[in-house]
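J.: My structure file data-v2.pdb, PDB, C-alpha atoms, is below:
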```
ATOM      1  CA  MET A   1     -18.071 -33.895 -16.456  1.00  0.00           C
ATOM      2  CA  LYS A   2     -20.349 -32.121 -13.962  1.00  0.00           C
ATOM      3  CA  SER A   3     -18.638 -33.791 -11.003  1.00  0.00           C
ATOM      4  CA  VAL A   4     -15.189 -32.786 -12.307  1.00  0.00           C
ATOM      5  CA  LEU A   5     -16.307 -29.159 -12.595  1.00  0.00           C
ATOM      6  CA  LEU A   6     -17.825 -29.290  -9.120  1.00  0.00           C
ATOM      7  CA  VAL A   7     -14.627 -30.701  -7.615  1.00  0.00           C
ATOM      8  CA  THR A   8     -12.468 -28.176  -9.494  1.00  0.00           C
ATOM      9  CA  ARG A   9     -14.689 -25.265  -8.420  1.00  0.00           C
ATOM     10  CA  SER A  10     -14.631 -26.473  -4.794  1.00  0.00           C
ATOM     11  CA  ALA A  11     -10.845 -26.810  -4.856  1.00  0.00           C
ATOM     12  CA  LEU A  12     -10.507 -23.339  -6.349  1.00  0.00           C
ATOM     13  CA  LEU A  13     -12.754 -21.787  -3.700  1.00  0.00           C
ATOM     14  CA  ALA A  14     -10.887 -23.596  -0.928  1.00  0.00           C
ATOM     15  CA  GLY A  15      -7.618 -22.217  -2.296  1.00  0.00           C
ATOM     16  CA  VAL A  16      -8.994 -18.678  -2.429  1.00  0.00           C
ATOM     17  CA  PHE A  17     -10.175 -18.837   1.179  1.00  0.00           C
ATOM     18  CA  ALA A  18      -6.910 -20.392   2.333  1.00  0.00           C
ATOM     19  CA  VAL A  19      -4.999 -17.447   0.868  1.00  0.00           C
ATOM     20  CA  ALA A  20      -7.511 -14.758   1.905  1.00  0.00           C
ATOM     21  CA  ALA A  21      -7.641 -15.727   5.587  1.00  0.00           C
ATOM     22  CA  PRO A  22      -3.922 -15.113   6.346  1.00  0.00           C
ATOM     23  CA  ALA A  23      -3.934 -11.908   4.309  1.00  0.00           C
ATOM     24  CA  ALA A  24      -6.836 -10.611   6.391  1.00  0.00           C
ATOM     25  CA  ALA A  25      -4.983 -11.491   9.601  1.00  0.00           C
ATOM     26  CA  PHE A  26      -1.821  -9.701   8.462  1.00  0.00           C
ATOM     27  CA  SER A  27      -3.671  -6.495   7.628  1.00  0.00           C
ATOM     28  CA  THR A  28      -5.302  -6.662  11.059  1.00  0.00           C
ATOM     29  CA  PHE A  29      -1.882  -6.828  12.711  1.00  0.00           C
ATOM     30  CA  GLN A  30      -0.472  -4.090  10.492  1.00  0.00           C
ATOM     31  CA  ALA A  31      -3.301  -1.761  11.527  1.00  0.00           C
ATOM     32  CA  LYS A  32      -2.117  -2.069  15.140  1.00  0.00           C
ATOM     33  CA  LEU A  33       1.132  -0.233  14.361  1.00  0.00           C
ATOM     34  CA  PRO A  34       1.674   3.259  12.949  1.00  0.00           C
ATOM     35  CA  ASN A  35       2.429   2.786   9.239  1.00  0.00           C
ATOM     36  CA  GLY A  36       2.363  -0.954   9.882  1.00  0.00           C
ATOM     37  CA  SER A  37       1.562  -1.699   6.249  1.00  0.00           C
ATOM     38  CA  ARG A  38       4.535   0.278   4.864  1.00  0.00           C
ATOM     39  CA  ASN A  39       6.997  -2.564   5.392  1.00  0.00           C
ATOM     40  CA  SER A  40       4.270  -5.203   5.130  1.00  0.00           C
ATOM     41  CA  CYS A  41       5.044  -8.386   7.048  1.00  0.00           C
ATOM     42  CA  SER A  42       8.746  -7.521   7.257  1.00  0.00           C
ATOM     43  CA  THR A  43       7.942  -4.942   9.939  1.00  0.00           C
ATOM     44  CA  CYS A  44       7.991  -7.899  12.344  1.00  0.00           C
ATOM     45  CA  HIS A  45       9.164 -10.910  10.303  1.00  0.00           C
ATOM     46  CA  THR A  46      12.505 -11.731   8.702  1.00  0.00           C
ATOM     47  CA  ARG A  47      10.714 -12.455   5.400  1.00  0.00           C
ATOM     48  CA  ALA A  48       8.406 -10.124   3.484  1.00  0.00           C
ATOM     49  CA  SER A  49       5.928 -13.009   3.187  1.00  0.00           C
ATOM     50  CA  GLY A  50       5.732 -13.386   6.978  1.00  0.00           C
ATOM     51  CA  GLY A  51       5.657 -16.802   8.586  1.00  0.00           C
ATOM     52  CA  ASN A  52       8.182 -18.109  11.064  1.00  0.00           C
ATOM     53  CA  GLY A  53      11.189 -15.993  11.792  1.00  0.00           C
ATOM     54  CA  TRP A  54      11.000 -12.728  13.696  1.00  0.00           C
ATOM     55  CA  ASN A  55      13.251  -9.741  13.176  1.00  0.00           C
ATOM     56  CA  ALA A  56      14.465  -7.528  16.041  1.00  0.00           C
ATOM     57  CA  PHE A  57      11.203  -5.554  16.208  1.00  0.00           C
ATOM     58  CA  GLY A  58       9.044  -8.689  16.133  1.00  0.00           C
ATOM     59  CA  ASN A  59      11.111 -10.143  18.966  1.00  0.00           C
ATOM     60  CA  SER A  60      10.657  -6.889  20.919  1.00  0.00           C
ATOM     61  CA  LEU A  61       6.899  -7.255  20.652  1.00  0.00           C
ATOM     62  CA  PHE A  62       7.078 -10.728  22.164  1.00  0.00           C
ATOM     63  CA  THR A  63       9.428  -9.766  24.990  1.00  0.00           C
ATOM     64  CA  GLU A  64       7.429  -6.610  25.833  1.00  0.00           C
ATOM     65  CA  ASN A  65       4.378  -8.861  26.181  1.00  0.00           C
ATOM     66  CA  GLY A  66       6.169 -11.209  28.586  1.00  0.00           C
ATOM     67  CA  GLY A  67       7.223 -13.801  26.018  1.00  0.00           C
ATOM     68  CA  THR A  68      10.545 -15.094  24.858  1.00  0.00           C
ATOM     69  CA  ALA A  69      12.208 -13.638  21.758  1.00  0.00           C
ATOM     70  CA  GLY A  70      11.940 -16.012  18.811  1.00  0.00           C
ATOM     71  CA  ASP A  71       9.501 -18.349  20.568  1.00  0.00           C
ATOM     72  CA  THR A  72       5.897 -17.665  19.588  1.00  0.00           C
ATOM     73  CA  SER A  73       4.692 -20.483  21.844  1.00  0.00           C
ATOM     74  CA  THR A  74       5.457 -18.365  24.927  1.00  0.00           C
ATOM     75  CA  ILE A  75       2.881 -15.683  24.123  1.00  0.00           C
ATOM     76  CA  ASP A  76      -0.180 -15.453  21.878  1.00  0.00           C
ATOM     77  CA  GLY A  77       0.013 -12.610  19.356  1.00  0.00           C
ATOM     78  CA  PHE A  78      -3.620 -13.326  18.447  1.00  0.00           C
ATOM     79  CA  SER A  79      -4.768 -12.593  21.992  1.00  0.00           C
ATOM     80  CA  PRO A  80      -6.786  -9.387  22.445  1.00  0.00           C
ATOM     81  CA  SER A  81      -4.509  -8.549  25.397  1.00  0.00           C
ATOM     82  CA  PHE A  82      -1.370  -8.568  23.204  1.00  0.00           C
ATOM     83  CA  VAL A  83       0.074  -5.030  23.261  1.00  0.00           C
ATOM     84  CA  TRP A  84       1.217  -3.952  19.818  1.00  0.00           C
ATOM     85  CA  TRP A  85       2.060  -0.296  20.497  1.00  0.00           C
ATOM     86  CA  SER A  86       2.941   1.350  23.787  1.00  0.00           C
ATOM     87  CA  ALA A  87       5.346   3.999  25.039  1.00  0.00           C
ATOM     88  CA  ASP A  88       7.875   1.261  25.840  1.00  0.00           C
ATOM     89  CA  ILE A  89       7.663  -0.361  22.395  1.00  0.00           C
ATOM     90  CA  CYS A  90       7.667   3.029  20.653  1.00  0.00           C
ATOM     91  CA  GLY A  91      10.611   4.375  22.645  1.00  0.00           C
ATOM     92  CA  ALA A  92      12.792   1.281  22.203  1.00  0.00           C
ATOM     93  CA  ASP A  93      15.408   0.930  19.461  1.00  0.00           C
ATOM     94  CA  SER A  94      14.761  -2.713  18.607  1.00  0.00           C
ATOM     95  CA  ASP A  95      17.234  -2.969  15.736  1.00  0.00           C
ATOM     96  CA  GLY A  96      20.001  -0.906  17.352  1.00  0.00           C
ATOM     97  CA  ASP A  97      20.316   1.624  14.527  1.00  0.00           C
ATOM     98  CA  GLY A  98      20.118   4.704  16.761  1.00  0.00           C
ATOM     99  CA  GLN A  99      16.461   5.486  15.963  1.00  0.00           C
ATOM    100  CA  THR A 100      13.520   4.541  18.135  1.00  0.00           C
ATOM    101  CA  ASN A 101      10.766   2.320  16.783  1.00  0.00           C
ATOM    102  CA  GLY A 102       8.500   5.372  16.926  1.00  0.00           C
ATOM    103  CA  GLN A 103      10.888   7.480  14.866  1.00  0.00           C
ATOM    104  CA  GLU A 104      11.110   4.744  12.254  1.00  0.00           C
ATOM    105  CA  LEU A 105       7.342   4.195  12.046  1.00  0.00           C
ATOM    106  CA  GLY A 106       6.357   7.876  12.014  1.00  0.00           C
ATOM    107  CA  ASP A 107       5.433   8.355  15.671  1.00  0.00           C
ATOM    108  CA  PRO A 108       8.504  10.053  17.183  1.00  0.00           C
ATOM    109  CA  ASP A 109       6.496  11.432  20.113  1.00  0.00           C
ATOM    110  CA  CYS A 110       4.900   8.048  20.915  1.00  0.00           C
ATOM    111  CA  VAL A 111       1.363   9.448  20.838  1.00  0.00           C
ATOM    112  CA  TRP A 112      -0.163   7.334  18.037  1.00  0.00           C
ATOM    113  CA  THR A 113      -3.270   5.263  18.729  1.00  0.00           C
ATOM    114  CA  SER A 114      -4.829   2.617  16.508  1.00  0.00           C
ATOM    115  CA  GLY A 115      -6.904   4.184  13.763  1.00  0.00           C
ATOM    116  CA  ALA A 116      -5.220   7.578  14.032  1.00  0.00           C
ATOM    117  CA  ALA A 117      -3.073   9.090  11.302  1.00  0.00           C
ATOM    118  CA  ALA A 118       0.685   8.966  11.667  1.00  0.00           C
ATOM    119  CA  ARG A 119       3.416  10.798   9.788  1.00  0.00           C
ATOM    120  CA  THR A 120       3.730   9.075   6.403  1.00  0.00           C
ATOM    121  CA  THR A 121       7.126  10.388   5.292  1.00  0.00           C
ATOM    122  CA  ASP A 122      10.586   9.172   6.279  1.00  0.00           C
ATOM    123  CA  ILE A 123       9.349   5.750   7.372  1.00  0.00           C
ATOM    124  CA  SER A 124      11.875   2.964   7.854  1.00  0.00           C
ATOM    125  CA  ASN A 125      11.848  -0.569   9.262  1.00  0.00           C
ATOM    126  CA  PRO A 126      12.298  -0.862  13.054  1.00  0.00           C
ATOM    127  CA  GLY A 127      13.382  -4.480  12.658  1.00  0.00           C
ATOM    128  CA  ASN A 128      16.193  -3.837  10.169  1.00  0.00           C
ATOM    129  CA  GLY A 129      19.331  -2.120  11.475  1.00  0.00           C
ATOM    130  CA  THR A 130      20.325  -0.935   8.007  1.00  0.00           C
ATOM    131  CA  SER A 131      16.987   0.818   7.442  1.00  0.00           C
ATOM    132  CA  THR A 132      16.763   4.300   8.967  1.00  0.00           C
ATOM    133  CA  SER A 133      14.574   7.354   8.501  1.00  0.00           C
ATOM    134  CA  THR A 134      16.301  10.322   6.883  1.00  0.00           C
ATOM    135  CA  ASN A 135      14.348  12.739   9.080  1.00  0.00           C
ATOM    136  CA  PRO A 136      13.163  10.637  12.050  1.00  0.00           C
ATOM    137  CA  ASP A 137      11.669  13.537  13.990  1.00  0.00           C
ATOM    138  CA  GLY A 138      10.230  15.366  10.967  1.00  0.00           C
ATOM    139  CA  GLY A 139       6.574  16.217  10.828  1.00  0.00           C
ATOM    140  CA  SER A 140       4.058  15.991  13.566  1.00  0.00           C
ATOM    141  CA  THR A 141       1.909  12.982  14.345  1.00  0.00           C
ATOM    142  CA  ALA A 142      -0.687  15.437  15.656  1.00  0.00           C
ATOM    143  CA  GLY A 143      -1.397  16.663  12.136  1.00  0.00           C
ATOM    144  CA  GLY A 144      -1.226  20.401  12.703  1.00  0.00           C
ATOM    145  CA  GLU A 145      -0.005  23.281  14.788  1.00  0.00           C
ATOM    146  CA  GLY A 146      -0.126  22.948  18.554  1.00  0.00           C
ATOM    147  CA  GLU A 147      -0.299  19.495  20.065  1.00  0.00           C
ATOM    148  CA  GLY A 148      -2.334  20.386  23.111  1.00  0.00           C
ATOM    149  CA  GLU A 149      -1.041  21.216  26.522  1.00  0.00           C
ATOM    150  CA  GLY A 150       1.554  18.817  27.811  1.00  0.00           C
ATOM    151  CA  GLU A 151       0.951  16.133  25.189  1.00  0.00           C
ATOM    152  CA  GLY A 152       3.825  14.957  23.041  1.00  0.00           C
ATOM    153  CA  GLU A 153       6.187  17.431  24.643  1.00  0.00           C
ATOM    154  CA  GLY A 154       8.529  14.790  26.042  1.00  0.00           C
ATOM    155  CA  GLU A 155       9.034  16.739  29.271  1.00  0.00           C
ATOM    156  CA  GLY A 156      10.026  14.628  32.221  1.00  0.00           C
ATOM    157  CA  GLU A 157      10.978  11.685  30.022  1.00  0.00           C
ATOM    158  CA  GLY A 158      14.437  10.286  29.424  1.00  0.00           C
ATOM    159  CA  GLU A 159      15.894  10.375  32.897  1.00  0.00           C
ATOM    160  CA  GLY A 160      19.573  11.101  33.024  1.00  0.00           C
ATOM    161  CA  GLU A 161      19.600  13.559  30.151  1.00  0.00           C
TER     162      GLU A 161
END
```
The structure in this file should be written as structure tokens.
T.:
Amino acid sequence: MKSVLLVTRSALLAGVFAVAAPAAAFSTFQAKLPNGSRNSCSTCHTRASGGNGWNAFGNSLFTENGGTAGDTSTIDGFSPSFVWWSADICGADSDGDGQTNGQELGDPDCVWTSGAAARTTDISNPGNGTSTSTNPDGGSTAGGEGEGEGEGEGEGEGEGE
């Protein structure tokens, strides 16, 4: 009976660690995007549970990092050099819904950095063309009056306007 309990306990612990490890990895990735946890894994994946299958935003991350859309073997998302958030990624409209990734994730001015607060209202999914923010430019990612000289002003950007 003791050996059965030992085997059962070992199997249970192995199962717990097998589930905990991916969950820890996902939260690590989510922290690299403004409001990355709002849409959970479906910020980048076609399924809420993650796994294979990238949505438009997930594919944008791979192509912005020099990979091929839909082919995770071309670039390593686990690499410390993988760029999760940049002005290019923020300013793109990955899902073609008329709102930039930054507008959908609460960083319309593309000034968010990892660990900083982002706007938490009117968040939508940058990988889902039917999901849009009702007020994509509402609120300030700076968290108060006055953003500092020249920062977040958008001057000189958007050539051809």
J.: Step by step, work through what the PyMOL selection byres ((chain A and resi 114-131) around 6) selects in the shown file, and finish by giving those residues as a VMD selection string.
T.: chain A and resid 32 34 43 55 to 57 95 97 101 104 to 106 113 132 to 135 141
J.: Would you please work out which residue, of A:Phe62, A:Leu33, A:Gly98, A:Arg38, is nearest to A:Ser86 when using all atoms listed in the file?
T.: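 Looking at the shortest contact to A:Ser86, the residue is A:Leu33.
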J.: Could you check how far atom CA of A:Pro108 sits from atom CA of A:Gly91, in Å to one decimal?
T.: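 It comes out at 8.2 Å.
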J.: Looking at A:Glu64, A:Asp107, A:Asp76, A:Asp93, which one is nearest to A:Asn35, with distances taken over all atoms listed in the file?
T.: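 Closest to A:Asn35, using all atoms listed in the file: A:Asp107.
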J.: Suppose you want the space between atom CA of A:Gly58 and atom CA of A:Ser73; what is it in Å?
T.: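 So the two atoms, atom CA of A:Gly58 and atom CA of A:Ser73, lie 13.8 Å apart.
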J.: Here is a test: counting only C-alpha atoms, which residue of A:Ala92, A:Asn65, A:Gly138, A:Ser60 is nearest to A:Ser79?
T.: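 Selected residue with least distance to A:Ser79: A:Asn65.
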J.: Quick one: distance from atom CA of A:Phe29 to atom CA of A:Trp84 in Å, one decimal?
T.: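 Rounded to one decimal, the two atoms are 8.3 Å apart.
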J.: Go through A:Arg47, A:Phe78, A:Asp88, A:Gln103 one by one, measure the shortest atom-to-atom distance of each to A:Thr63 using all atoms listed in the file, and give the residue with the smallest value.
T.: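 The answer is A:Asp88, which sits nearest to A:Thr63.
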J.: Using all atoms listed in the file, which residue out of A:Thr28, A:Thr100, A:Asn39, A:Thr46 lies closest to A:Gly70?
T.: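 Closest candidate: A:Thr46.
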J.: When distances are computed from only C-alpha atoms, which of A:Asp71, A:Ser94, A:Phe26, A:Gly66 shows the smallest separation from A:Ala48?
T.: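 Checking each of A:Asp71, A:Ser94, A:Phe26, A:Gly66 against A:Ala48, counting only C-alpha atoms, the winner is A:Phe26.
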